[in-house]
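A.B. asks: Take a look at this one; I'll ask things after.
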Amino acid sequence: MLEIRDIVTSYGKIEALRGVDLSVTEGRITCLLGPNGAGKTTLMMTIAGILNPSRGSIVFDGTELVGKTPSRIVEHGIALVPENRLVFPDMDVRENLLAGAYRRLTRERTEVDRDLDRMFERFPRLRERQEQNAGTLSGGEQQMLAVARALMARPKLLLMDEPSLGLAPLMVEEIFRIIRDLHGDGTSIFLVEQNAHMALQVAHHFFLLEQGRVTFDGTPGELAEEELIQRAYLGSQANG
């Protein structure tokens, strides 16, 4: 579904990604773990077209994405739920959701309205707050809105960058329930998550990113969870 080969992405002279290779399989939840500064968010933004790599290839369903604009990548079927949610704070909930479908509004308005109803069915709290400015929502509600906004693009692959970040434990449980439900509905998910324990409960396959390189990949259970979680938070140097 998604094949990433030898991706190098830099901030000035600093290489944040140094030859990343990984793949995401259709119909699965694939998780990317790694300590802070490993390059996880940089990889998500590179896939989404927000950052341009200096080298490498990103192929999605047979189409090369490197060089395409973020809007074109959305049209190809990839949507990003960004780190820290990044909802539009001065727009209400309904307007935020419609922003997720902006490429479809003129030609598919009836379908967009149906999708809007489906989002309100999936996330009842958003229906209750649909005329409320997004900036006044709780952190958990904003995360639900960010997920729903991405789903309004009807993605084949949903990129989720740290969806549990900064949320209370009960809301973290709710977010992971939503992830399971989305997968159950047929959505393929590429998940970046600092909560390694929770992520490994939902992932079918995972990659470990350290200092801009993939250092391990496998299925949950192939590496002792205690060691994996230590490396996910602290890097491999923690073991030496």
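How things are named: the first chain in the structure tokens is A, the next is B, and so on; residues count from 1 in each chain; ligands count from 1 in the order shown.
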From the DSSP assignment of the backbone, select every residue of segment 134-175 of chain A that is strand (DSSP E), and format the answer as a VMD selection string.

C.D. replies: chain A and resid 157 to 161

A.B. asks: Segment 66-142 of chain A near segment 169-181 of chain A within 12 Å: what's each residue's closest atom pair and its distance in Å to one decimal, counting only C-alpha atoms, ordered by chain then ascending residue number, as a tab-separated table?

C.D. replies:
```
residue	atom	partner	partner_atom	distance
A:Val81	CA	A:Ile179	CA	12.0
A:Arg122	CA	A:Ile178	CA	9.0
A:Phe123	CA	A:Ile178	CA	9.4
A:Ser138	CA	A:Met171	CA	10.5
A:Gly139	CA	A:Met171	CA	9.0
A:Gly140	CA	A:Met171	CA	6.1
A:Glu141	CA	A:Met171	CA	9.1
A:Gln142	CA	A:Met171	CA	11.3
```

A.B. asks: What's around segment 16-29 of chain A at 7 Å? Count only C-alpha atoms, leave out sequence neighbours fewer than 4 positions away in its own chain, and write the answer as a PyMOL selection string.

C.D. replies: chain A and resi 1-11+39+186-190+202-205+212-214

A.B. asks: Go through A:Arg154, A:Arg55, A:Arg94, A:Arg149 and flag the residue nearest Glu75 of chain A, using only C-alpha atoms for the distances.

C.D. replies: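 The closest residue to Glu75 of chain A is A:Arg154.
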
A.B. asks: To test your reading of the structure, identify every residue in segment 39-78 of chain A that backbone DSSP assigns to alpha helix (DSSP H), and report it as a list in words.

C.D. replies: Lys40, Thr41, Thr42, Leu43, Met44, Met45, Thr46, Ile47, Pro70, Ser71, Arg72, Ile73, Val74, Glu75 and His76 of chain A

A.B. asks: Could you name the residues that touch Asp115 of chain A at 12 Å or less, counting only C-alpha atoms, but leaving out those on the same chain fewer than 2 positions away, as a list in words?

C.D. replies: Arg94, Leu97, Leu98, Gly100, Ala101, Arg104, Leu105, Glu108, Arg109, Thr110, Glu111, Val112, Asp113, Asp117, Arg118, Met119, Phe120, Glu121, Arg122, Ala148, Arg149, Ala150, Leu151, Met152, Ala153 and Arg154 of chain A

A.B. asks: What does the distance between atom CA of Met198 of chain A and atom CA of Val74 of chain A come to in Å, to one decimal place?

C.D. replies: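 A separation of 27.7 Å between them.
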
A.B. asks: Find the residues around Arg72 of chain A up to 12 Å (only C-alpha atoms counted), leave out those fewer than 6 positions away in its own chain, and share them as a PDB file with N, CA, C and O atoms, in the first residue's frame.

C.D. replies:
```
ATOM      1  N   ILE A  47       5.490  12.247   4.379  1.00  0.00           N
ATOM      2  CA  ILE A  47       4.491  11.451   3.656  1.00  0.00           C
ATOM      3  C   ILE A  47       3.353  12.343   3.183  1.00  0.00           C
ATOM      4  O   ILE A  47       2.870  12.217   2.046  1.00  0.00           O
ATOM      5  N   ALA A  48       2.919  13.261   4.062  1.00  0.00           N
ATOM      6  CA  ALA A  48       1.781  14.127   3.746  1.00  0.00           C
ATOM      7  C   ALA A  48       2.126  15.247   2.780  1.00  0.00           C
ATOM      8  O   ALA A  48       1.230  15.990   2.355  1.00  0.00           O
ATOM      9  N   GLY A  49       3.404  15.403   2.429  1.00  0.00           N
ATOM     10  CA  GLY A  49       3.801  16.428   1.474  1.00  0.00           C
ATOM     11  C   GLY A  49       4.069  17.787   2.079  1.00  0.00           C
ATOM     12  O   GLY A  49       4.332  18.747   1.349  1.00  0.00           O
ATOM     13  N   ILE A  50       4.022  17.885   3.407  1.00  0.00           N
ATOM     14  CA  ILE A  50       4.266  19.163   4.069  1.00  0.00           C
ATOM     15  C   ILE A  50       5.759  19.475   4.057  1.00  0.00           C
ATOM     16  O   ILE A  50       6.171  20.632   3.951  1.00  0.00           O
ATOM     17  N   THR A  63       1.594   5.003  -6.986  1.00  0.00           N
ATOM     18  CA  THR A  63       1.833   6.391  -7.386  1.00  0.00           C
ATOM     19  C   THR A  63       2.946   6.997  -6.543  1.00  0.00           C
ATOM     20  O   THR A  63       2.905   6.924  -5.312  1.00  0.00           O
ATOM     21  N   GLU A  64       3.923   7.601  -7.202  1.00  0.00           N
ATOM     22  CA  GLU A  64       4.996   8.303  -6.493  1.00  0.00           C
ATOM     23  C   GLU A  64       4.445   9.605  -5.911  1.00  0.00           C
ATOM     24  O   GLU A  64       3.851  10.422  -6.624  1.00  0.00           O
ATOM     25  N   LEU A  65       4.651   9.794  -4.600  1.00  0.00           N
ATOM     26  CA  LEU A  65       4.128  10.982  -3.933  1.00  0.00           C
ATOM     27  C   LEU A  65       5.145  12.101  -3.796  1.00  0.00           C
ATOM     28  O   LEU A  65       4.767  13.263  -3.616  1.00  0.00           O
ATOM     29  N   VAL A  66       6.428  11.783  -3.831  1.00  0.00           N
ATOM     30  CA  VAL A  66       7.448  12.819  -3.663  1.00  0.00           C
ATOM     31  C   VAL A  66       7.295  13.859  -4.772  1.00  0.00           C
ATOM     32  O   VAL A  66       7.235  13.528  -5.959  1.00  0.00           O
ATOM     33  N   ILE A  78      -4.639   9.842   1.200  1.00  0.00           N
ATOM     34  CA  ILE A  78      -3.935   9.878   2.480  1.00  0.00           C
ATOM     35  C   ILE A  78      -4.365  11.134   3.237  1.00  0.00           C
ATOM     36  O   ILE A  78      -4.348  12.230   2.687  1.00  0.00           O
ATOM     37  N   ALA A  79      -4.741  10.961   4.511  1.00  0.00           N
ATOM     38  CA  ALA A  79      -5.106  12.109   5.347  1.00  0.00           C
ATOM     39  C   ALA A  79      -4.334  12.025   6.657  1.00  0.00           C
ATOM     40  O   ALA A  79      -4.123  10.938   7.202  1.00  0.00           O
ATOM     41  N   ARG A 103     -11.799  19.607  -0.827  1.00  0.00           N
ATOM     42  CA  ARG A 103     -11.567  19.241  -2.226  1.00  0.00           C
ATOM     43  C   ARG A 103     -12.800  18.607  -2.853  1.00  0.00           C
ATOM     44  O   ARG A 103     -12.892  18.486  -4.073  1.00  0.00           O
ATOM     45  N   ALA A 153     -12.126  13.431   4.393  1.00  0.00           N
ATOM     46  CA  ALA A 153     -11.465  13.316   3.090  1.00  0.00           C
ATOM     47  C   ALA A 153     -11.611  11.918   2.488  1.00  0.00           C
ATOM     48  O   ALA A 153     -11.124  11.659   1.391  1.00  0.00           O
TER      49      ALA A 153
END
```

A.B. asks: Just how far from atom CA of Met144 of chain A is atom CA of Arg85 of chain A, in Å to one decimal?

C.D. replies: 8.9 Å

A.B. asks: What is the distance between atom CA of Leu167 of chain A and atom CA of Glu193 of chain A, in Å to one decimal?

C.D. replies: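 Atom CA of Glu193 of chain A lies 12.6 Å from atom CA of Leu167 of chain A.
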
A.B. asks: Here is a test: counting only C-alpha atoms, which residue of A:Ala146, A:Ser164, A:His76, A:Val87 is nearest to Gly62 of chain A?

C.D. replies: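 Checking each of A:Ala146, A:Ser164, A:His76, A:Val87 against Gly62 of chain A, counting only C-alpha atoms, the winner is A:His76.
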